[in-house]
$ cat query20.cif   # mmCIF, N, CA and C atoms
data_my_file
loop_
_atom_site.label_atom_id
_atom_site.label_comp_id
_atom_site.auth_asym_id
_atom_site.auth_seq_id
_atom_site.Cartn_x
_atom_site.Cartn_y
_atom_site.Cartn_z
N MET L 1 -10.17 -11.99 5.47
CA MET L 1 -9.70 -11.15 6.53
C MET L 1 -9.63 -9.73 6.00
N ALA L 2 -9.95 -8.79 6.86
CA ALA L 2 -9.93 -7.39 6.47
C ALA L 2 -9.36 -6.56 7.61
N TYR L 3 -8.52 -5.63 7.22
CA TYR L 3 -7.89 -4.75 8.20
C TYR L 3 -8.18 -3.31 7.82
N LYS L 4 -8.13 -2.44 8.81
CA LYS L 4 -8.21 -1.02 8.53
C LYS L 4 -7.14 -0.33 9.36
N LEU L 5 -6.74 0.84 8.93
CA LEU L 5 -5.69 1.59 9.59
C LEU L 5 -6.32 2.57 10.56
N VAL L 6 -5.94 2.47 11.86
CA VAL L 6 -6.45 3.36 12.88
C VAL L 6 -5.26 3.92 13.65
N ASP L 7 -5.08 5.23 13.57
CA ASP L 7 -3.96 5.90 14.27
C ASP L 7 -2.63 5.25 13.96
N GLY L 8 -2.41 4.85 12.72
CA GLY L 8 -1.14 4.29 12.31
C GLY L 8 -0.97 2.81 12.60
N ASP L 9 -1.99 2.16 13.17
CA ASP L 9 -1.92 0.73 13.47
C ASP L 9 -3.00 -0.01 12.68
N TYR L 10 -2.67 -1.22 12.23
CA TYR L 10 -3.66 -2.04 11.55
C TYR L 10 -4.48 -2.80 12.58
N VAL L 11 -5.78 -2.67 12.49
CA VAL L 11 -6.70 -3.37 13.38
C VAL L 11 -7.67 -4.17 12.53
N ILE L 12 -8.24 -5.19 13.12
CA ILE L 12 -9.20 -6.04 12.41
C ILE L 12 -10.48 -5.26 12.22
N ALA L 13 -10.98 -5.25 11.01
CA ALA L 13 -12.21 -4.53 10.69
C ALA L 13 -13.39 -5.21 11.38
N PRO L 14 -14.41 -4.42 11.75
CA PRO L 14 -15.59 -5.00 12.39
C PRO L 14 -16.20 -6.12 11.54
N GLY L 15 -16.59 -7.20 12.21
CA GLY L 15 -17.20 -8.32 11.51
C GLY L 15 -16.22 -9.33 10.97
N HIS L 16 -14.93 -9.14 11.19
CA HIS L 16 -13.91 -10.06 10.72
C HIS L 16 -13.14 -10.63 11.91
N THR L 17 -12.52 -11.76 11.71
CA THR L 17 -11.74 -12.39 12.77
C THR L 17 -10.27 -12.36 12.40
N ALA L 18 -9.44 -12.48 13.39
CA ALA L 18 -7.99 -12.48 13.15
C ALA L 18 -7.56 -13.81 12.55
N PRO L 19 -6.63 -13.79 11.62
CA PRO L 19 -6.12 -15.05 11.08
C PRO L 19 -5.29 -15.77 12.15
N THR L 20 -5.32 -17.08 12.11
CA THR L 20 -4.54 -17.84 13.08
C THR L 20 -3.08 -17.89 12.67
N GLU L 21 -2.82 -17.80 11.39
CA GLU L 21 -1.45 -17.72 10.91
C GLU L 21 -1.44 -16.96 9.60
N CYS L 22 -0.32 -16.45 9.25
CA CYS L 22 -0.20 -15.64 8.05
C CYS L 22 0.77 -16.33 7.11
N ASP L 23 0.32 -16.60 5.89
CA ASP L 23 1.25 -17.22 4.96
C ASP L 23 2.13 -16.14 4.32
N TYR L 24 3.13 -16.57 3.61
CA TYR L 24 4.12 -15.67 3.05
C TYR L 24 3.51 -14.65 2.09
N ILE L 25 2.55 -15.08 1.28
CA ILE L 25 1.92 -14.18 0.32
C ILE L 25 1.14 -13.09 1.05
N ASP L 26 0.42 -13.45 2.10
CA ASP L 26 -0.31 -12.45 2.88
C ASP L 26 0.65 -11.47 3.54
N GLU L 27 1.78 -11.97 4.00
CA GLU L 27 2.77 -11.09 4.61
C GLU L 27 3.32 -10.09 3.58
N LEU L 28 3.60 -10.56 2.38
CA LEU L 28 4.06 -9.66 1.32
C LEU L 28 3.00 -8.59 1.02
N ALA L 29 1.74 -9.00 0.94
CA ALA L 29 0.66 -8.06 0.66
C ALA L 29 0.52 -7.04 1.80
N GLN L 30 0.67 -7.48 3.04
CA GLN L 30 0.61 -6.57 4.17
C GLN L 30 1.77 -5.59 4.15
N ASN L 31 2.96 -6.08 3.83
CA ASN L 31 4.12 -5.19 3.72
C ASN L 31 3.91 -4.16 2.62
N ALA L 32 3.32 -4.59 1.50
CA ALA L 32 3.03 -3.66 0.41
C ALA L 32 2.01 -2.62 0.86
N MET L 33 1.01 -3.04 1.62
CA MET L 33 -0.01 -2.10 2.11
C MET L 33 0.61 -1.06 3.03
N VAL L 34 1.54 -1.49 3.88
CA VAL L 34 2.19 -0.55 4.79
C VAL L 34 3.03 0.46 4.02
N VAL L 35 3.85 -0.03 3.09
CA VAL L 35 4.73 0.88 2.35
C VAL L 35 3.92 1.82 1.44
N LEU L 36 2.84 1.33 0.85
CA LEU L 36 2.01 2.17 -0.02
C LEU L 36 1.22 3.19 0.77
N GLY L 37 0.83 2.85 1.99
CA GLY L 37 0.02 3.75 2.81
C GLY L 37 0.81 4.73 3.64
N THR L 38 2.12 4.67 3.59
CA THR L 38 2.97 5.58 4.35
C THR L 38 3.50 6.67 3.43
N LYS L 39 3.41 7.90 3.88
CA LYS L 39 3.93 9.01 3.07
C LYS L 39 5.44 8.91 2.99
N ARG L 40 5.96 8.92 1.78
CA ARG L 40 7.40 8.84 1.57
C ARG L 40 8.09 10.04 2.20
N SER L 41 9.21 9.80 2.83
CA SER L 41 10.08 10.75 3.52
C SER L 41 9.55 11.17 4.89
N LYS L 42 8.42 10.61 5.34
CA LYS L 42 7.87 10.94 6.65
C LYS L 42 8.21 9.90 7.71
N PHE L 43 8.77 8.77 7.30
CA PHE L 43 9.15 7.70 8.23
C PHE L 43 10.57 7.98 8.70
N TYR L 44 10.73 8.39 9.95
CA TYR L 44 12.00 8.89 10.45
C TYR L 44 13.19 7.95 10.24
N PRO L 45 13.09 6.66 10.56
CA PRO L 45 14.28 5.81 10.42
C PRO L 45 14.75 5.62 8.97
N ASN L 46 13.83 5.74 8.00
CA ASN L 46 14.21 5.52 6.60
C ASN L 46 13.41 6.48 5.73
N LYS L 47 14.03 7.56 5.30
CA LYS L 47 13.34 8.57 4.50
C LYS L 47 12.96 8.06 3.11
N ASP L 48 13.51 6.93 2.65
CA ASP L 48 13.14 6.35 1.35
C ASP L 48 11.98 5.37 1.46
N PHE L 49 11.42 5.19 2.65
CA PHE L 49 10.30 4.27 2.87
C PHE L 49 9.00 5.01 2.60
N GLY L 50 8.07 4.35 1.94
CA GLY L 50 6.76 4.93 1.70
C GLY L 50 6.53 5.24 0.24
N SER L 51 5.43 5.96 -0.02
CA SER L 51 5.06 6.27 -1.40
C SER L 51 4.59 7.72 -1.51
N TYR L 52 4.52 8.16 -2.75
CA TYR L 52 4.02 9.49 -3.06
C TYR L 52 2.59 9.45 -3.60
N ILE L 53 1.86 8.36 -3.37
CA ILE L 53 0.51 8.27 -3.95
C ILE L 53 -0.48 9.23 -3.31
N TYR L 54 -0.11 9.85 -2.21
CA TYR L 54 -1.00 10.83 -1.59
C TYR L 54 -1.00 12.16 -2.34
N ILE L 55 -0.04 12.36 -3.24
CA ILE L 55 0.00 13.58 -4.05
C ILE L 55 -0.90 13.36 -5.27
N THR L 56 -2.05 14.01 -5.29
CA THR L 56 -3.05 13.72 -6.32
C THR L 56 -3.26 14.87 -7.29
N ASP L 57 -2.35 15.84 -7.32
CA ASP L 57 -2.52 16.95 -8.25
C ASP L 57 -1.61 16.82 -9.47
N MET L 58 -0.94 15.70 -9.63
CA MET L 58 -0.07 15.47 -10.78
C MET L 58 -0.89 14.95 -11.96
N GLN L 59 -0.49 15.28 -13.16
CA GLN L 59 -1.20 14.84 -14.35
C GLN L 59 -0.24 14.19 -15.33
N PRO L 60 -0.60 13.14 -16.02
CA PRO L 60 -1.85 12.38 -15.88
C PRO L 60 -1.85 11.59 -14.57
N LEU L 61 -2.93 11.68 -13.83
CA LEU L 61 -3.00 11.16 -12.47
C LEU L 61 -2.72 9.66 -12.38
N LEU L 62 -3.38 8.85 -13.19
CA LEU L 62 -3.19 7.40 -13.07
C LEU L 62 -1.77 6.97 -13.41
N ALA L 63 -1.16 7.61 -14.40
CA ALA L 63 0.24 7.29 -14.72
C ALA L 63 1.16 7.68 -13.57
N TYR L 64 0.89 8.81 -12.94
CA TYR L 64 1.69 9.24 -11.80
C TYR L 64 1.52 8.27 -10.63
N LEU L 65 0.27 7.89 -10.31
CA LEU L 65 0.02 6.96 -9.20
C LEU L 65 0.67 5.61 -9.46
N ASP L 66 0.62 5.15 -10.71
CA ASP L 66 1.26 3.88 -11.07
C ASP L 66 2.77 3.95 -10.81
N ALA L 67 3.40 5.03 -11.25
CA ALA L 67 4.84 5.19 -11.05
C ALA L 67 5.19 5.29 -9.57
N ALA L 68 4.38 6.02 -8.80
CA ALA L 68 4.62 6.16 -7.36
C ALA L 68 4.47 4.82 -6.64
N ALA L 69 3.48 4.03 -7.03
CA ALA L 69 3.28 2.71 -6.42
C ALA L 69 4.43 1.77 -6.76
N ARG L 70 4.87 1.79 -8.01
CA ARG L 70 5.99 0.94 -8.42
C ARG L 70 7.27 1.32 -7.67
N GLN L 71 7.50 2.61 -7.50
CA GLN L 71 8.67 3.06 -6.76
C GLN L 71 8.62 2.58 -5.31
N ALA L 72 7.44 2.62 -4.70
CA ALA L 72 7.29 2.24 -3.30
C ALA L 72 7.55 0.76 -3.06
N VAL L 73 7.05 -0.11 -3.95
CA VAL L 73 7.20 -1.55 -3.73
C VAL L 73 8.48 -2.12 -4.32
N ASP L 74 9.27 -1.30 -4.98
CA ASP L 74 10.50 -1.78 -5.59
C ASP L 74 11.40 -2.57 -4.63
N PRO L 75 11.56 -2.13 -3.37
CA PRO L 75 12.41 -2.91 -2.45
C PRO L 75 11.81 -4.24 -2.00
N LEU L 76 10.52 -4.46 -2.23
CA LEU L 76 9.88 -5.70 -1.80
C LEU L 76 10.08 -6.78 -2.85
N ASP L 77 10.85 -7.78 -2.52
CA ASP L 77 11.16 -8.85 -3.45
C ASP L 77 9.91 -9.67 -3.78
N GLY L 78 9.60 -9.81 -5.05
CA GLY L 78 8.46 -10.63 -5.48
C GLY L 78 7.15 -9.89 -5.55
N VAL L 79 7.13 -8.58 -5.29
CA VAL L 79 5.89 -7.79 -5.33
C VAL L 79 5.95 -6.85 -6.53
N TYR L 80 4.91 -6.92 -7.36
CA TYR L 80 4.85 -6.10 -8.58
C TYR L 80 3.48 -5.48 -8.71
N ILE L 81 3.42 -4.27 -9.22
CA ILE L 81 2.16 -3.57 -9.43
C ILE L 81 1.57 -4.03 -10.77
N LYS L 82 0.31 -4.45 -10.73
CA LYS L 82 -0.38 -4.87 -11.95
C LYS L 82 -1.20 -3.73 -12.52
N SER L 83 -1.95 -3.03 -11.65
CA SER L 83 -2.75 -1.89 -12.13
C SER L 83 -3.04 -0.95 -10.97
N VAL L 84 -3.33 0.29 -11.34
CA VAL L 84 -3.70 1.32 -10.37
C VAL L 84 -4.93 2.03 -10.91
N SER L 85 -5.92 2.25 -10.04
CA SER L 85 -7.12 2.98 -10.44
C SER L 85 -7.59 3.82 -9.26
N ARG L 86 -8.59 4.63 -9.52
CA ARG L 86 -9.17 5.46 -8.47
C ARG L 86 -10.62 5.08 -8.28
N SER L 87 -11.06 5.11 -7.03
CA SER L 87 -12.46 4.91 -6.67
C SER L 87 -12.81 6.02 -5.69
N GLY L 88 -13.37 7.09 -6.20
CA GLY L 88 -13.59 8.26 -5.37
C GLY L 88 -12.25 8.85 -4.98
N GLN L 89 -11.99 9.01 -3.70
CA GLN L 89 -10.72 9.52 -3.21
C GLN L 89 -9.71 8.40 -2.94
N ASP L 90 -10.16 7.14 -3.02
CA ASP L 90 -9.29 6.00 -2.71
C ASP L 90 -8.46 5.61 -3.93
N THR L 91 -7.27 5.12 -3.67
CA THR L 91 -6.41 4.56 -4.71
C THR L 91 -6.47 3.05 -4.60
N VAL L 92 -6.87 2.38 -5.66
CA VAL L 92 -7.00 0.92 -5.69
C VAL L 92 -5.82 0.36 -6.47
N ILE L 93 -5.03 -0.46 -5.80
CA ILE L 93 -3.83 -1.01 -6.41
C ILE L 93 -3.95 -2.53 -6.45
N VAL L 94 -3.86 -3.08 -7.66
CA VAL L 94 -3.83 -4.54 -7.82
C VAL L 94 -2.36 -4.90 -7.99
N LEU L 95 -1.90 -5.79 -7.12
CA LEU L 95 -0.50 -6.19 -7.18
C LEU L 95 -0.40 -7.71 -7.21
N THR L 96 0.76 -8.17 -7.62
CA THR L 96 1.04 -9.60 -7.55
C THR L 96 2.18 -9.81 -6.56
N ALA L 97 1.99 -10.78 -5.70
CA ALA L 97 3.02 -11.16 -4.74
C ALA L 97 3.33 -12.63 -5.00
N ASN L 98 4.50 -12.87 -5.57
CA ASN L 98 4.89 -14.22 -5.98
C ASN L 98 3.81 -14.88 -6.83
N ASP L 99 3.36 -14.15 -7.84
CA ASP L 99 2.37 -14.60 -8.82
C ASP L 99 0.97 -14.81 -8.25
N THR L 100 0.69 -14.29 -7.06
CA THR L 100 -0.65 -14.33 -6.49
C THR L 100 -1.17 -12.91 -6.44
N GLU L 101 -2.35 -12.69 -7.00
CA GLU L 101 -2.90 -11.35 -7.11
C GLU L 101 -3.59 -10.93 -5.82
N ARG L 102 -3.34 -9.70 -5.41
CA ARG L 102 -3.98 -9.11 -4.23
C ARG L 102 -4.37 -7.68 -4.58
N THR L 103 -5.39 -7.17 -3.90
CA THR L 103 -5.84 -5.79 -4.08
C THR L 103 -5.61 -5.03 -2.79
N VAL L 104 -5.02 -3.86 -2.91
CA VAL L 104 -4.77 -2.99 -1.77
C VAL L 104 -5.50 -1.68 -2.05
N ILE L 105 -6.27 -1.21 -1.07
CA ILE L 105 -6.98 0.05 -1.20
C ILE L 105 -6.38 1.04 -0.22
N ILE L 106 -5.88 2.13 -0.73
CA ILE L 106 -5.28 3.16 0.11
C ILE L 106 -6.25 4.33 0.18
N LYS L 107 -6.70 4.62 1.39
CA LYS L 107 -7.60 5.73 1.61
C LYS L 107 -6.77 6.96 1.97
N ASN L 108 -7.06 8.08 1.36
CA ASN L 108 -6.26 9.28 1.60
C ASN L 108 -6.17 9.65 3.06
N GLU L 109 -7.26 9.52 3.82
CA GLU L 109 -7.23 9.92 5.22
C GLU L 109 -6.39 8.98 6.08
N ASN L 110 -6.00 7.79 5.55
CA ASN L 110 -5.22 6.84 6.32
C ASN L 110 -3.72 7.01 6.17
N ASN L 111 -3.28 7.89 5.32
CA ASN L 111 -1.84 8.05 5.13
C ASN L 111 -1.20 8.60 6.38
N ILE L 112 -0.12 7.97 6.77
CA ILE L 112 0.60 8.34 8.00
C ILE L 112 1.45 9.57 7.73
#
$ encode --input "query20.cif" --output "structure tokens"
Amino acid sequence: MAYKLVDGDYVIAPGHTAPTECDYIDELAQNAMVVLGTKRSKFYPNKDFGSYIYITDMQPLLAYLDAAARQAVDPLDGVYIKSVSRSGQDTVIVLTANDTERTVIIKNENNI
């Protein structure tokens, strides 16, 4: 299953079908994707929600992105950042959700 962010909403990517049900691990990964893809302090109900990974002028960049991702997922029980890398302008985050590995790709233009 693949999703993309369109106008702040997750939609099914072309060529993919909707899952009939979502298991707990997928839900954790989706929650991590939402919190990582939201600019921290821009979510009105909770200014501590989101991440600072959209700030890309900090050095060393990968260490900064790793710290920003860890800060963002800290409230999510059972979700841990394994690695952070860059692919062009995208931030690629490998995380574990209850010992199951998932990859989240955050595109700069998708940040809310």
$ residues_near_point --input "query20.cif" --point "(3.7, 7.9, 3.4)" --cutoff "6 Å" --atoms "all atoms listed in the file" --output "JSON, numbers by chain"
{"L": [36, 37, 38, 39, 40, 41, 42, 50, 51, 111, 112]}
$ closest_residue --input "query20.cif" --among "L:Met58, L:Ile106, L:His16, L:Asp66" --to "Asp90 (chain L)" --atoms "only N, CA and C atoms"
L:Ile106
$ atom_distance --input "query20.cif" --atom1 "atom C of Thr100 (chain L)" --atom2 "atom C of Glu27 (chain L)"
11.3 Å
$ axis_aligned_box --input "query20.cif" --around "region 59-67 of chain L" --padding-each-side "6 Å" --output "lines of an AutoDock Vina configuration file"
center_x = 0.9
center_y = 9.6
center_z = -12.6
size_x = 20.6
size_y = 23.4
size_z = 18.8
$ select_by_dssp --input "query20.cif" --residues "chain L" --states "strand (DSSP E or B)" --output "ChimeraX atom specification"
/L:3-6,9-12,39,51,79-87,90-97,100-106
$ write_last_selection --input "query20.cif" --atoms "N, CA and C atoms" --output "short mmCIF file (atom, residue, chain, number, x, y, z; two decimals), in the coordinates of the input"
data_model
loop_
_atom_site.label_atom_id
_atom_site.label_comp_id
_atom_site.auth_asym_id
_atom_site.auth_seq_id
_atom_site.Cartn_x
_atom_site.Cartn_y
_atom_site.Cartn_z
N TYR L 3 -8.52 -5.63 7.22
CA TYR L 3 -7.89 -4.75 8.20
C TYR L 3 -8.18 -3.31 7.82
N LYS L 4 -8.13 -2.44 8.81
CA LYS L 4 -8.21 -1.02 8.53
C LYS L 4 -7.14 -0.33 9.36
N LEU L 5 -6.74 0.84 8.93
CA LEU L 5 -5.69 1.59 9.59
C LEU L 5 -6.32 2.57 10.56
N VAL L 6 -5.94 2.47 11.86
CA VAL L 6 -6.45 3.36 12.88
C VAL L 6 -5.26 3.92 13.65
N ASP L 9 -1.99 2.16 13.17
CA ASP L 9 -1.92 0.73 13.47
C ASP L 9 -3.00 -0.01 12.68
N TYR L 10 -2.67 -1.22 12.23
CA TYR L 10 -3.66 -2.04 11.55
C TYR L 10 -4.48 -2.80 12.58
N VAL L 11 -5.78 -2.67 12.49
CA VAL L 11 -6.70 -3.37 13.38
C VAL L 11 -7.67 -4.17 12.53
N ILE L 12 -8.24 -5.19 13.12
CA ILE L 12 -9.20 -6.04 12.41
C ILE L 12 -10.48 -5.26 12.22
N LYS L 39 3.41 7.90 3.88
CA LYS L 39 3.93 9.01 3.07
C LYS L 39 5.44 8.91 2.99
N SER L 51 5.43 5.96 -0.02
CA SER L 51 5.06 6.27 -1.40
C SER L 51 4.59 7.72 -1.51
N VAL L 79 7.13 -8.58 -5.29
CA VAL L 79 5.89 -7.79 -5.33
C VAL L 79 5.95 -6.85 -6.53
N TYR L 80 4.91 -6.92 -7.36
CA TYR L 80 4.85 -6.10 -8.58
C TYR L 80 3.48 -5.48 -8.71
N ILE L 81 3.42 -4.27 -9.22
CA ILE L 81 2.16 -3.57 -9.43
C ILE L 81 1.57 -4.03 -10.77
N LYS L 82 0.31 -4.45 -10.73
CA LYS L 82 -0.38 -4.87 -11.95
C LYS L 82 -1.20 -3.73 -12.52
N SER L 83 -1.95 -3.03 -11.65
CA SER L 83 -2.75 -1.89 -12.13
C SER L 83 -3.04 -0.95 -10.97
N VAL L 84 -3.33 0.29 -11.34
CA VAL L 84 -3.70 1.32 -10.37
C VAL L 84 -4.93 2.03 -10.91
N SER L 85 -5.92 2.25 -10.04
CA SER L 85 -7.12 2.98 -10.44
C SER L 85 -7.59 3.82 -9.26
N ARG L 86 -8.59 4.63 -9.52
CA ARG L 86 -9.17 5.46 -8.47
C ARG L 86 -10.62 5.08 -8.28
N SER L 87 -11.06 5.11 -7.03
CA SER L 87 -12.46 4.91 -6.67
C SER L 87 -12.81 6.02 -5.69
N ASP L 90 -10.16 7.14 -3.02
CA ASP L 90 -9.29 6.00 -2.71
C ASP L 90 -8.46 5.61 -3.93
N THR L 91 -7.27 5.12 -3.67
CA THR L 91 -6.41 4.56 -4.71
C THR L 91 -6.47 3.05 -4.60
N VAL L 92 -6.87 2.38 -5.66
CA VAL L 92 -7.00 0.92 -5.69
C VAL L 92 -5.82 0.36 -6.47
N ILE L 93 -5.03 -0.46 -5.80
CA ILE L 93 -3.83 -1.01 -6.41
C ILE L 93 -3.95 -2.53 -6.45
N VAL L 94 -3.86 -3.08 -7.66
CA VAL L 94 -3.83 -4.54 -7.82
C VAL L 94 -2.36 -4.90 -7.99
N LEU L 95 -1.90 -5.79 -7.12
CA LEU L 95 -0.50 -6.19 -7.18
C LEU L 95 -0.40 -7.71 -7.21
N THR L 96 0.76 -8.17 -7.62
CA THR L 96 1.04 -9.60 -7.55
C THR L 96 2.18 -9.81 -6.56
N ALA L 97 1.99 -10.78 -5.70
CA ALA L 97 3.02 -11.16 -4.74
C ALA L 97 3.33 -12.63 -5.00
N THR L 100 0.69 -14.29 -7.06
CA THR L 100 -0.65 -14.33 -6.49
C THR L 100 -1.17 -12.91 -6.44
N GLU L 101 -2.35 -12.69 -7.00
CA GLU L 101 -2.90 -11.35 -7.11
C GLU L 101 -3.59 -10.93 -5.82
N ARG L 102 -3.34 -9.70 -5.41
CA ARG L 102 -3.98 -9.11 -4.23
C ARG L 102 -4.37 -7.68 -4.58
N THR L 103 -5.39 -7.17 -3.90
CA THR L 103 -5.84 -5.79 -4.08
C THR L 103 -5.61 -5.03 -2.79
N VAL L 104 -5.02 -3.86 -2.91
CA VAL L 104 -4.77 -2.99 -1.77
C VAL L 104 -5.50 -1.68 -2.05
N ILE L 105 -6.27 -1.21 -1.07
CA ILE L 105 -6.98 0.05 -1.20
C ILE L 105 -6.38 1.04 -0.22
N ILE L 106 -5.88 2.13 -0.73
CA ILE L 106 -5.28 3.16 0.11
C ILE L 106 -6.25 4.33 0.18
#
$ build_atoms --input "query20.cif" --residues "region 31-43 of chain L" --atoms "N, CA, C and O atoms" --output "compact mmCIF listing (two decimals), keeping the file's coordinate frame"
# COMPACT_ATOMS: atom_id res chain seq x y z
N ASN L 31 2.96 -6.08 3.83
CA ASN L 31 4.12 -5.19 3.72
C ASN L 31 3.91 -4.16 2.62
O ASN L 31 4.27 -2.99 2.79
N ALA L 32 3.32 -4.59 1.50
CA ALA L 32 3.03 -3.66 0.41
C ALA L 32 2.01 -2.62 0.86
O ALA L 32 2.15 -1.43 0.55
N MET L 33 1.01 -3.04 1.62
CA MET L 33 -0.01 -2.10 2.11
C MET L 33 0.61 -1.06 3.03
O MET L 33 0.28 0.13 2.95
N VAL L 34 1.54 -1.49 3.88
CA VAL L 34 2.19 -0.55 4.79
C VAL L 34 3.03 0.46 4.02
O VAL L 34 2.95 1.66 4.25
N VAL L 35 3.85 -0.03 3.09
CA VAL L 35 4.73 0.88 2.35
C VAL L 35 3.92 1.82 1.44
O VAL L 35 4.25 3.00 1.30
N LEU L 36 2.84 1.33 0.85
CA LEU L 36 2.01 2.17 -0.02
C LEU L 36 1.22 3.19 0.77
O LEU L 36 0.95 4.29 0.29
N GLY L 37 0.83 2.85 1.99
CA GLY L 37 0.02 3.75 2.81
C GLY L 37 0.81 4.73 3.64
O GLY L 37 0.22 5.57 4.33
N THR L 38 2.12 4.67 3.59
CA THR L 38 2.97 5.58 4.35
C THR L 38 3.50 6.67 3.43
O THR L 38 3.98 6.38 2.33
N LYS L 39 3.41 7.90 3.88
CA LYS L 39 3.93 9.01 3.07
C LYS L 39 5.44 8.91 2.99
O LYS L 39 6.12 8.82 4.01
N ARG L 40 5.96 8.92 1.78
CA ARG L 40 7.40 8.84 1.57
C ARG L 40 8.09 10.04 2.20
O ARG L 40 7.59 11.15 2.14
N SER L 41 9.21 9.80 2.83
CA SER L 41 10.08 10.75 3.52
C SER L 41 9.55 11.17 4.89
O SER L 41 10.17 11.98 5.56
N LYS L 42 8.42 10.61 5.34
CA LYS L 42 7.87 10.94 6.65
C LYS L 42 8.21 9.90 7.71
O LYS L 42 7.96 10.11 8.88
N PHE L 43 8.77 8.77 7.30
CA PHE L 43 9.15 7.70 8.23
C PHE L 43 10.57 7.98 8.70
O PHE L 43 11.53 7.86 7.94
